[in-house]
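S.K.: Structure below; questions to follow.
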4 protein chains.
Amino acid sequence: MILQFLNSHMPKTITKSLKPRKKPVQERSGQTVDAIFEATIQVLLKDGVKNLTTTRVAERAGVSVGTFYQYYPNKEALFFAILERHLEFIGTSVQIACAKSHGRPVDEMMSNLIESYVDSKIKKRDISLAIWEVVTEFSCTPKYAHVVKRVEADITTMLNTLPGARVEKIPFVTAMILSTLGGATKMIMEKGAPPHMVKDLKTSLQIMLEAYVGKALNGSE
Amino acid sequence: MILQFLNSHMPKTITKSLKPRKKPVQERSGQTVDAIFEATIQVLLKDGVKNLTTTRVAERAGVSVGTFYQYYPNKEALFFAILERHLEFIGTSVQIACAKSHGRPVDEMMSNLIESYVDSKIKKRDISLAIWEVVTEFSCTPKYAHVVKRVEADITTMLNTLPGARVEKIPFVTAMILSTLGGATKMIMEKGAPPHMVKDLKTSLQIMLEAYVGKALNGSE
Amino acid sequence: MILQFLNSHMPKTITKSLKPRKKPVQERSGQTVDAIFEATIQVLLKDGVKNLTTTRVAERAGVSVGTFYQYYPNKEALFFAILERHLEFIGTSVQIACAKSHGRPVDEMMSNLIESYVDSKIKKRDISLAIWEVVTEFSCTPKYAHVVKRVEADITTMLNTLPGARVEKIPFVTAMILSTLGGATKMIMEKGAPPHMVKDLKTSLQIMLEAYVGKALNGSE
Amino acid sequence: MILQFLNSHMPKTITKSLKPRKKPVQERSGQTVDAIFEATIQVLLKDGVKNLTTTRVAERAGVSVGTFYQYYPNKEALFFAILERHLEFIGTSVQIACAKSHGRPVDEMMSNLIESYVDSKIKKRDISLAIWEVVTEFSCTPKYAHVVKRVEADITTMLNTLPGARVEKIPFVTAMILSTLGGATKMIMEKGAPPHMVKDLKTSLQIMLEAYVGKALNGSE
DNA sequence: CATGAATGAGGTTTCATTCAT
DNA sequence: TATGAATGAAACCTCATTCAT
């Protein structure tokens with residue numbers, strides 16, 4: 001659900017180093033990093049990006065601002081870290097699903113894709129929602145391009161194993177699939193993602209995408 | 001494309017009066033309001049929400065900050081105004097499309113809906129993209145609930161005219177339709193919305209939604 | 001006394017815009033700018049560069065930090081403004097002295113130069129001392145190069161009007177003159193520059209420089 | 001070149017203990033102290049005082065900050081140590097030169113003084129330049145008064161051995177000599193102190209000071 | 001009504017220094 | 001002793017908003 005926005009062309013902010021500043025070598029460090037991470041999600045969920053300040057994150061993490069800056073060179077780096085980890089998570093999940101769908105019929109492909117995407121999102125619902133805001137706040141597209149590209153590549157490759165697929169249409173179809181997955185999943189999560197809705201969501205997506213991919217990549221024209 | 005996010009459950013900022021401070025009664029006033037409006041879009045597009053300051057907007061609009069605050073009680077009110085106007089625009093367009101689709105077959109319903117939604121978005125592509133950031137920035141949901149509800153109502157009513165539709169499923173289906181429309185359209189706009197893509201987008205949506213609504217509201221289970 | 005250090009080669013800091021941010025258009029502004037200027041000198045004299053903070057300057061000037069930043073984009077710009085004005089002052093004074101010494105004998109040249117340099121420094125003793133620290137703090141050489149070059153050029157040109165001067169030695173001699181003037185004048189100012197000392201200073205410099213220039217630019221070797 | 005500023009009247013910072021915390025008794029300690037010392041000079045030269053942090057110095061010295069603070073109670077103590085050592089070096093060199101000039105003619109006195117001063121500065125050019133900034137940063141005058149006084153005393157004593165010297169003028173003349181030496185030498189070092197310039201510098205100073213001392217301490221008036 | 005100077009709370013970030021391991 | 005994680009005061013700077021002119 002985030003993936004769809006990452007090829008956006010929005011205004012960029014000046015780029016700074018986003019690399020974590022320090023590798024935790026002592027025992028204590030690891031805990032601190034985790035605490036900050038956790039705190040960020042909570043603050044994001046409770047106050048929104050606009051009200052997330054480094055001070056507040058540090059406070060909630062139970063450390064001082066100084067400590068915060070020992071691990072992240074700046075606020076954006078924090079967001080970057082969270083986003084990256086999350087995207088990596090989704091990406092991997094999707095990748096596996098795609099891999100095992102090679103050569104399978106369309107319905108199975110879509111089913112696997114939907115399952116992996118929706119489930120990985122739902123599993124990290126808090127982070128997903130928290131991050132959602134971040135993505136737009138910093139139109140950080142270029143920085144995450146690689147993760148998106150990777151997911152696109154996975155799907156593209158999978159679709160290519162469909163016999164008789166119209167290759168030139170695959171990229172567009174991939175984009176449609178991702179944006180549909182994204183849009184609908186986000187909506188469900190905002191409604192609280194109760195199990196029955198998740199089930200309906202998957203069924204709905206299955207109908208849509210199966211029909212779509214089937215027709216779009218098929219045949220004549 | 002914005003509609004889908006408006007039932008979000010995100011953190012609220014302190015609510016202030018969002019009513020424009022002064023009704024444009026004189027000729028000049030109208031011009032000023034428009035100038036500010038226009039300037040906001042431009043600044044949004046050029047610098048992003050994060051770098052939008054009231055001073056900058058005023059400058060670009062060719063007036064002083066003081067004047068700005070004569071027309072908007074605060075920054076949020078400005079965003080509110082822009083969002084509202086935009087949503088109103090989409091809403092009306094969709095409403096008309098739904099109205100004239102009453103009693104028509106599914107494919108025609110979807111076709112009309114897609115046309116109206118996509119076209120009204122594309123027509124205001126700049127504003128759409130500019131606003132996108134704002135929507136997340138202020139999780140202004142509650143304030144726009146009425147506009148979203150209205151669109152949902154329009155679609156729901158329309159779907160109700162389908163003979164034999166499973167009424168209890170209509171709300172969910174409506175939500176799916178809207179989020180799909182939203183997700184895909186946004187994606188296309190971020191890619192620049194070249195005409196051929198817009199055409200493909202409409203075709204794609206038609207396939208998906210026609211198949212989806214047809215199956216989802218139909219029959220047995 | 002400051003001039004001598006401006007061709008230094010010390011570490012540079014990242015360059016930011018040093019241009020004043022706003023031209024005072026209202027009456028009030030002018031006063032504010034002056035107040036800030038005055039306050040800076042005082043803070044510099046009382047607390048030293050190290051303890052000069054924008055807040056402190058603003059406070060002493062009787063304005064808020066915000067106001068400060070309306071006129072100077074950053075702290076360095078403040079220093080730049082003060083330095084530039086001061087150097088301009090000395091530069092002009094020296095320039096006039098050099099101009100009227102063209103074609104005159106060495107003793108008169110030196111006498112005019114010493115008078116103009118020392119007097120203009122003494123007249124602004126507070127600023128001179130205050131600025132002294134600033135110059136070293138920011139090794140801002142490159143930015144002021146033009147003023148130094150200008151003074152060097154003035155002296156060089158003047159020396160060139162000496163009949164039979166060994167032209168190739170003039171640049172070095174100029175540098176020696178400036179650094180001697182600088183070193184000694186600074187010392188006297190730090191001792192409080194009581195009138196009798198200023199007199200002795202001038203006499204001493206006259207002896208040194210007259211002898212030096214006479215021998216260094218003359219004759220055989 | 002630093003000496004000239006040490007009778008300055010600049011603002012003081014809160015005085016802390018500047019004594020090294022621990023005498024290097026073990027072999028290891030000595031190495032550590034040296035490493036820190038060396039590192040400081042390098043950082044000073046590379047980044048300037050403003051960017052010198054205790055952490056950075058420790059890093060470059062290959063030790064931890066903690067270790068740093070085992071040897072220096074605070075940052076200022078570090079600067080103090082470096083300055084003191086450097087001044088001691090110059091002071092001793094000048095002292096010897098003065099001692100052996102007792103009773104000699106003016107030209108020899110100046111020649112010895114210039115040689116010793118300039119050479120000892122040049123020999124430690126890096127340190128000299130590095131320290132330069134520090135001197136102004138901390139207007140640490142009072143703390144070094146003794147070293148300066150000592151040099152002044154050495155010169156004064158030497159000048160007193162001049163037959164027929166006007167004793168009451170000696171202190172002022174001493175100050176002029178020192179500030180001239182300082183100003184000119186600094187200038188040359190900032191230009192890189194290439195050998196030929198150093199030679200010219202010495203010649204120039206010889207001319208100036210010989211003429212100056214000769215006339216200033218001589219005769220009638 | 002318009003102007004734009006002034007405000008100041010609040011955000012980000014740095015760095016000297018301490019102290020548990 | 002050495003380490004380096006943690007601290008937090010304090011610096012810089014921004015920007016929404018007010019109000020005298």
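Starting from 1 in every chain, residues are counted up; chains themselves are A, B, ... following the order of the structure tokens, and ligands are numbered from 1 as listed.
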Using all C-alpha atoms paired in order, least-squares fit chain B onto chain C and give me the moved copy as a compact mmCIF listing (two decimals) with C-alpha atoms, in the first residue's frame.

M.R.:
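The result, written out as superposed.txt:
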```
# COMPACT_ATOMS: atom_id res chain seq x y z
CA MET B 1 45.64 45.53 12.16
CA ILE B 2 43.23 43.10 10.81
CA LEU B 3 44.40 43.36 7.29
CA GLN B 4 47.44 41.36 7.96
CA PHE B 5 45.53 38.21 8.64
CA LEU B 6 43.26 38.21 5.73
CA ASN B 7 45.47 36.40 3.35
CA SER B 8 45.59 33.54 5.78
CA HIS B 9 45.13 30.00 4.62
CA MET B 10 43.02 28.77 7.44
CA PRO B 11 40.26 26.19 7.45
CA LYS B 12 36.96 27.22 6.05
CA THR B 13 33.59 26.68 7.48
CA ILE B 14 30.68 25.83 5.26
CA THR B 15 29.81 28.88 3.30
CA LYS B 16 26.34 30.20 3.65
CA SER B 17 24.62 33.21 2.26
CA LEU B 18 25.98 36.21 4.01
CA LYS B 19 23.87 38.83 2.38
CA PRO B 20 21.63 40.69 4.72
CA ARG B 21 18.17 39.33 4.25
CA LYS B 22 16.38 42.52 3.88
CA LYS B 23 17.36 45.98 2.90
CA PRO B 24 16.31 48.53 5.43
CA VAL B 25 13.72 50.44 3.50
CA GLN B 26 11.61 51.75 6.30
CA GLU B 27 12.82 54.09 8.95
CA ARG B 28 12.29 51.48 11.65
CA SER B 29 14.36 48.91 9.85
CA GLY B 30 17.37 51.17 9.84
CA GLN B 31 17.09 51.66 13.56
CA THR B 32 16.79 47.94 14.14
CA VAL B 33 19.83 47.14 12.07
CA ASP B 34 21.83 49.76 13.89
CA ALA B 35 20.65 48.51 17.25
CA ILE B 36 21.72 44.98 16.40
CA PHE B 37 25.01 46.26 15.11
CA GLU B 38 25.68 48.23 18.23
CA ALA B 39 24.57 45.35 20.43
CA THR B 40 26.95 42.98 18.71
CA ILE B 41 29.94 45.17 19.42
CA GLN B 42 28.94 45.48 23.01
CA VAL B 43 28.40 41.79 23.50
CA LEU B 44 31.66 41.05 21.75
CA LEU B 45 33.50 43.44 24.01
CA LYS B 46 31.78 42.27 27.15
CA ASP B 47 31.52 38.53 26.65
CA GLY B 48 33.78 37.57 23.78
CA VAL B 49 32.89 35.69 20.60
CA LYS B 50 32.57 32.45 22.42
CA ASN B 51 29.75 33.77 24.52
CA LEU B 52 28.03 35.72 21.82
CA THR B 53 24.69 34.16 21.02
CA THR B 54 22.13 35.45 18.62
CA THR B 55 19.62 35.58 21.42
CA ARG B 56 21.88 37.66 23.57
CA VAL B 57 22.58 40.08 20.77
CA ALA B 58 18.89 40.39 20.05
CA GLU B 59 18.12 40.96 23.69
CA ARG B 60 20.68 43.66 24.09
CA ALA B 61 19.45 45.24 20.89
CA GLY B 62 15.98 45.25 22.39
CA VAL B 63 14.42 43.06 19.74
CA SER B 64 13.48 39.41 19.54
CA VAL B 65 15.54 36.68 17.97
CA GLY B 66 12.95 36.39 15.31
CA THR B 67 13.56 39.95 14.33
CA PHE B 68 17.27 39.35 14.29
CA TYR B 69 16.80 36.67 11.69
CA GLN B 70 14.78 39.02 9.57
CA TYR B 71 17.87 41.09 9.05
CA TYR B 72 20.62 38.51 9.05
CA PRO B 73 20.17 35.06 7.60
CA ASN B 74 22.54 33.61 10.17
CA LYS B 75 25.09 34.46 12.74
CA GLU B 76 27.99 34.50 10.38
CA ALA B 77 26.30 37.08 8.23
CA LEU B 78 26.28 39.35 11.23
CA PHE B 79 30.01 39.03 11.65
CA PHE B 80 30.47 39.46 7.96
CA ALA B 81 28.55 42.70 7.98
CA ILE B 82 30.52 44.11 10.86
CA LEU B 83 33.84 43.10 9.45
CA GLU B 84 33.04 44.40 6.04
CA ARG B 85 31.91 47.75 7.29
CA HIS B 86 35.02 48.09 9.40
CA LEU B 87 37.39 47.08 6.66
CA GLU B 88 35.66 49.40 4.29
CA PHE B 89 36.27 52.20 6.71
CA ILE B 90 39.97 51.52 7.08
CA GLY B 91 40.34 50.84 3.38
CA THR B 92 38.85 54.14 2.37
CA SER B 93 40.95 56.04 4.82
CA VAL B 94 44.12 54.40 3.56
CA GLN B 95 43.10 54.89 -0.03
CA ILE B 96 42.79 58.61 0.38
CA ALA B 97 46.13 58.83 2.15
CA CYS B 98 47.84 56.89 -0.59
CA ALA B 99 46.24 58.91 -3.34
CA LYS B 100 47.46 62.19 -2.02
CA SER B 101 50.95 60.80 -1.49
CA HIS B 102 51.60 59.96 -5.09
CA GLY B 103 54.91 61.35 -6.18
CA ARG B 104 55.82 62.51 -2.71
CA PRO B 105 59.04 61.47 -0.92
CA VAL B 106 59.15 58.29 1.18
CA ASP B 107 58.89 59.99 4.53
CA GLU B 108 55.75 61.76 3.52
CA MET B 109 54.26 58.60 2.09
CA MET B 110 54.84 56.69 5.28
CA SER B 111 53.69 59.53 7.42
CA ASN B 112 50.41 59.77 5.55
CA LEU B 113 49.92 56.05 5.56
CA ILE B 114 50.65 55.67 9.25
CA GLU B 115 48.44 58.58 10.18
CA SER B 116 45.52 57.27 8.21
CA TYR B 117 45.87 53.68 9.32
CA VAL B 118 46.51 54.27 12.99
CA ASP B 119 43.95 57.01 13.31
CA SER B 120 41.18 55.09 11.66
CA LYS B 121 41.92 52.14 13.91
CA ILE B 122 42.05 54.22 17.05
CA LYS B 123 38.89 56.03 16.16
CA LYS B 124 37.08 52.72 16.11
CA ARG B 125 39.07 51.14 18.84
CA ASP B 126 36.11 49.31 20.35
CA ILE B 127 35.12 47.79 17.08
CA SER B 128 38.68 46.95 16.23
CA LEU B 129 39.20 45.05 19.42
CA ALA B 130 35.81 43.40 19.27
CA ILE B 131 36.34 42.28 15.74
CA TRP B 132 39.75 40.96 16.39
CA GLU B 133 38.41 37.80 17.88
CA VAL B 134 35.92 37.36 15.11
CA VAL B 135 38.58 37.47 12.46
CA THR B 136 40.30 34.44 13.85
CA GLU B 137 37.10 32.69 14.76
CA PHE B 138 35.95 32.63 11.21
CA SER B 139 38.94 32.39 9.06
CA CYS B 140 36.96 34.38 6.67
CA THR B 141 39.79 35.36 4.50
CA PRO B 142 38.50 34.59 1.06
CA LYS B 143 35.43 36.67 1.65
CA TYR B 144 37.43 39.76 2.44
CA ALA B 145 40.19 39.21 -0.02
CA HIS B 146 38.91 42.05 -2.14
CA VAL B 147 39.23 44.58 0.64
CA VAL B 148 42.76 43.52 1.42
CA LYS B 149 43.72 43.43 -2.18
CA ARG B 150 42.40 46.90 -2.55
CA VAL B 151 44.54 48.24 0.26
CA GLU B 152 47.56 46.42 -1.09
CA ALA B 153 46.86 47.86 -4.49
CA ASP B 154 46.64 51.37 -3.09
CA ILE B 155 49.95 51.07 -1.37
CA THR B 156 51.59 49.37 -4.30
CA THR B 157 50.44 52.09 -6.64
CA MET B 158 51.74 54.70 -4.31
CA LEU B 159 55.13 53.04 -3.97
CA ASN B 160 55.34 52.84 -7.74
CA THR B 161 55.46 56.60 -7.90
CA LEU B 162 58.76 56.54 -6.04
CA PRO B 163 61.48 57.42 -8.51
CA GLY B 164 63.89 54.56 -9.02
CA ALA B 165 62.01 52.03 -6.92
CA ARG B 166 62.81 48.40 -7.57
CA VAL B 167 59.43 47.38 -8.83
CA GLU B 168 59.79 43.67 -8.31
CA LYS B 169 60.19 44.20 -4.58
CA ILE B 170 57.12 46.31 -4.10
CA PRO B 171 54.65 43.52 -3.36
CA PHE B 172 56.74 42.07 -0.59
CA VAL B 173 57.48 45.45 0.85
CA THR B 174 53.80 46.22 0.82
CA ALA B 175 53.09 43.08 2.76
CA MET B 176 55.74 43.94 5.31
CA ILE B 177 54.37 47.42 5.74
CA LEU B 178 50.89 46.16 6.35
CA SER B 179 51.88 43.48 8.81
CA THR B 180 54.07 45.87 10.74
CA LEU B 181 51.32 48.44 10.91
CA GLY B 182 48.92 45.74 11.99
CA GLY B 183 51.06 44.11 14.65
CA ALA B 184 52.14 47.27 16.34
CA THR B 185 48.81 49.01 16.25
CA LYS B 186 47.06 46.03 17.73
CA MET B 187 49.53 45.91 20.55
CA ILE B 188 48.99 49.57 21.37
CA MET B 189 45.25 49.16 21.32
CA GLU B 190 45.37 46.28 23.69
CA LYS B 191 47.33 48.44 26.06
CA GLY B 192 44.48 50.91 25.95
CA ALA B 193 45.90 53.26 23.36
CA PRO B 194 46.52 56.25 25.60
CA PRO B 195 47.37 59.37 23.53
CA HIS B 196 51.04 59.46 24.44
CA MET B 197 51.45 55.87 23.37
CA VAL B 198 49.68 56.53 20.13
CA LYS B 199 52.11 59.33 19.52
CA ASP B 200 55.05 57.07 20.29
CA LEU B 201 53.58 54.41 18.10
CA LYS B 202 53.41 56.75 15.13
CA THR B 203 56.93 57.96 15.67
CA SER B 204 58.21 54.43 15.98
CA LEU B 205 56.45 53.27 12.87
CA GLN B 206 57.72 56.27 11.00
CA ILE B 207 61.28 55.41 11.88
CA MET B 208 60.92 51.77 11.00
CA LEU B 209 59.02 52.09 7.79
CA GLU B 210 60.87 55.08 6.45
CA ALA B 211 64.16 53.30 6.96
CA TYR B 212 62.76 50.09 5.62
CA VAL B 213 61.10 51.33 2.48
CA GLY B 214 64.00 53.59 1.74
CA LYS B 215 66.51 50.79 1.85
CA ALA B 216 64.37 47.98 0.54
CA LEU B 217 63.25 49.68 -2.62
CA ASN B 218 66.42 51.42 -3.29
CA GLY B 219 69.33 50.88 -5.37
CA SER B 220 71.74 48.22 -6.13
CA GLU B 221 71.99 44.94 -4.25
```

S.K.: I'd like to know which residues of stretch 153-198 of chain D are helix (DSSP H, G or I) (by DSSP, run on the backbone); could you write them as an MDAnalysis selection string?

M.R.: chainID D and resid 153:160 167:190 195:198

S.K.: Any chance you can output those residues with C-alpha atoms as a tab-separated table (two decimals), in the first residue's frame?

M.R.:
```tsv
chain	number	residue	atom	x	y	z
D	153	ALA	CA	62.26	40.90	30.68
D	154	ASP	CA	64.89	39.14	28.63
D	155	ILE	CA	64.75	41.76	25.94
D	156	THR	CA	64.63	44.60	28.39
D	157	THR	CA	67.67	43.32	30.22
D	158	MET	CA	69.50	42.96	26.97
D	159	LEU	CA	68.67	46.48	25.85
D	160	ASN	CA	69.84	47.78	29.19
D	167	VAL	CA	66.23	53.57	30.06
D	168	GLU	CA	62.76	54.99	30.42
D	169	LYS	CA	62.00	54.17	26.81
D	170	ILE	CA	63.04	50.56	26.97
D	171	PRO	CA	59.67	49.03	27.93
D	172	PHE	CA	57.85	50.66	25.06
D	173	VAL	CA	60.57	49.80	22.64
D	174	THR	CA	60.44	46.22	23.81
D	175	ALA	CA	56.72	46.10	23.13
D	176	MET	CA	57.23	47.53	19.66
D	177	ILE	CA	59.91	44.99	18.88
D	178	LEU	CA	57.76	42.11	19.93
D	179	SER	CA	54.67	43.23	18.07
D	180	THR	CA	56.65	43.88	14.93
D	181	LEU	CA	58.32	40.50	15.12
D	182	GLY	CA	54.94	38.94	15.73
D	183	GLY	CA	53.01	40.68	13.01
D	184	ALA	CA	55.52	40.13	10.27
D	185	THR	CA	56.36	36.57	11.14
D	186	LYS	CA	52.75	35.58	11.23
D	187	MET	CA	52.20	37.10	7.83
D	188	ILE	CA	55.09	35.14	6.36
D	189	MET	CA	53.87	31.91	7.88
D	190	GLU	CA	50.45	32.35	6.47
D	195	PRO	CA	62.83	29.84	2.50
D	196	HIS	CA	63.42	32.87	0.32
D	197	MET	CA	60.65	34.74	2.05
D	198	VAL	CA	62.01	33.82	5.42
```

S.K.: Show me a table, sorted first by chain and then by increasing residue number, of the residues of chain F having an atom at most 10 Å from chain B, each with its shortest atom pair and the distance in Å to one decimal, counting only C-alpha atoms (C1' of nucleotides) and written as a Markdown table.

M.R.:
```
| residue | atom | partner | partner_atom | distance |
| --- | --- | --- | --- | --- |
| F:DT14 | C1' | B:Thr53 | CA | 9.9 |
| F:DC15 | C1' | B:Thr53 | CA | 6.9 |
| F:DA16 | C1' | B:Thr54 | CA | 7.5 |
| F:DT17 | C1' | B:Asn74 | CA | 8.1 |
| F:DT18 | C1' | B:Gly66 | CA | 8.9 |
| F:DC19 | C1' | B:Gly66 | CA | 9.6 |
```

S.K.: Residues of chain E within 9 Å of chain B, using only C-alpha atoms (C1' of nucleotides), as an NGL selection string?

M.R.: :E and (1-4)

S.K.: Store the residues of this selection in a file with N, CA and C atoms (P, O5', C5', C4', C3', O3' and C1' of nucleotides), as a PDB file, in the first residue's frame.

M.R.:
```pdb
ATOM      1  P    DC E   1     -13.229  45.301   3.054  1.00  0.00           P
ATOM      2  O5'  DC E   1     -11.966  45.042   3.900  1.00  0.00           O
ATOM      3  C5'  DC E   1     -11.181  46.154   4.422  1.00  0.00           C
ATOM      4  C4'  DC E   1     -10.046  46.489   3.501  1.00  0.00           C
ATOM      5  C3'  DC E   1      -8.970  45.415   3.519  1.00  0.00           C
ATOM      6  O3'  DC E   1      -8.425  45.317   2.202  1.00  0.00           O
ATOM      7  C1'  DC E   1      -8.111  47.451   4.382  1.00  0.00           C
ATOM      8  P    DA E   2      -7.305  44.259   1.926  1.00  0.00           P
ATOM      9  O5'  DA E   2      -6.016  45.138   2.189  1.00  0.00           O
ATOM     10  C5'  DA E   2      -5.674  46.145   1.238  1.00  0.00           C
ATOM     11  C4'  DA E   2      -4.260  46.593   1.492  1.00  0.00           C
ATOM     12  C3'  DA E   2      -3.244  45.450   1.481  1.00  0.00           C
ATOM     13  O3'  DA E   2      -2.121  45.921   0.756  1.00  0.00           O
ATOM     14  C1'  DA E   2      -3.164  46.574   3.571  1.00  0.00           C
ATOM     15  P    DT E   3      -0.860  44.924   0.509  1.00  0.00           P
ATOM     16  O5'  DT E   3       0.093  45.341   1.687  1.00  0.00           O
ATOM     17  C5'  DT E   3       0.556  46.699   1.762  1.00  0.00           C
ATOM     18  C4'  DT E   3       1.367  46.880   3.001  1.00  0.00           C
ATOM     19  C3'  DT E   3       2.470  45.839   3.176  1.00  0.00           C
ATOM     20  O3'  DT E   3       3.699  46.483   2.995  1.00  0.00           O
ATOM     21  C1'  DT E   3       1.334  46.322   5.217  1.00  0.00           C
ATOM     22  P    DG E   4       4.948  45.726   2.315  1.00  0.00           P
ATOM     23  O5'  DG E   4       5.765  45.432   3.653  1.00  0.00           O
ATOM     24  C5'  DG E   4       5.998  46.498   4.571  1.00  0.00           C
ATOM     25  C4'  DG E   4       6.392  45.910   5.918  1.00  0.00           C
ATOM     26  C3'  DG E   4       7.268  44.659   5.830  1.00  0.00           C
ATOM     27  O3'  DG E   4       8.110  44.620   6.967  1.00  0.00           O
ATOM     28  C1'  DG E   4       5.393  44.144   7.030  1.00  0.00           C
TER      29       DG E   4
END
```
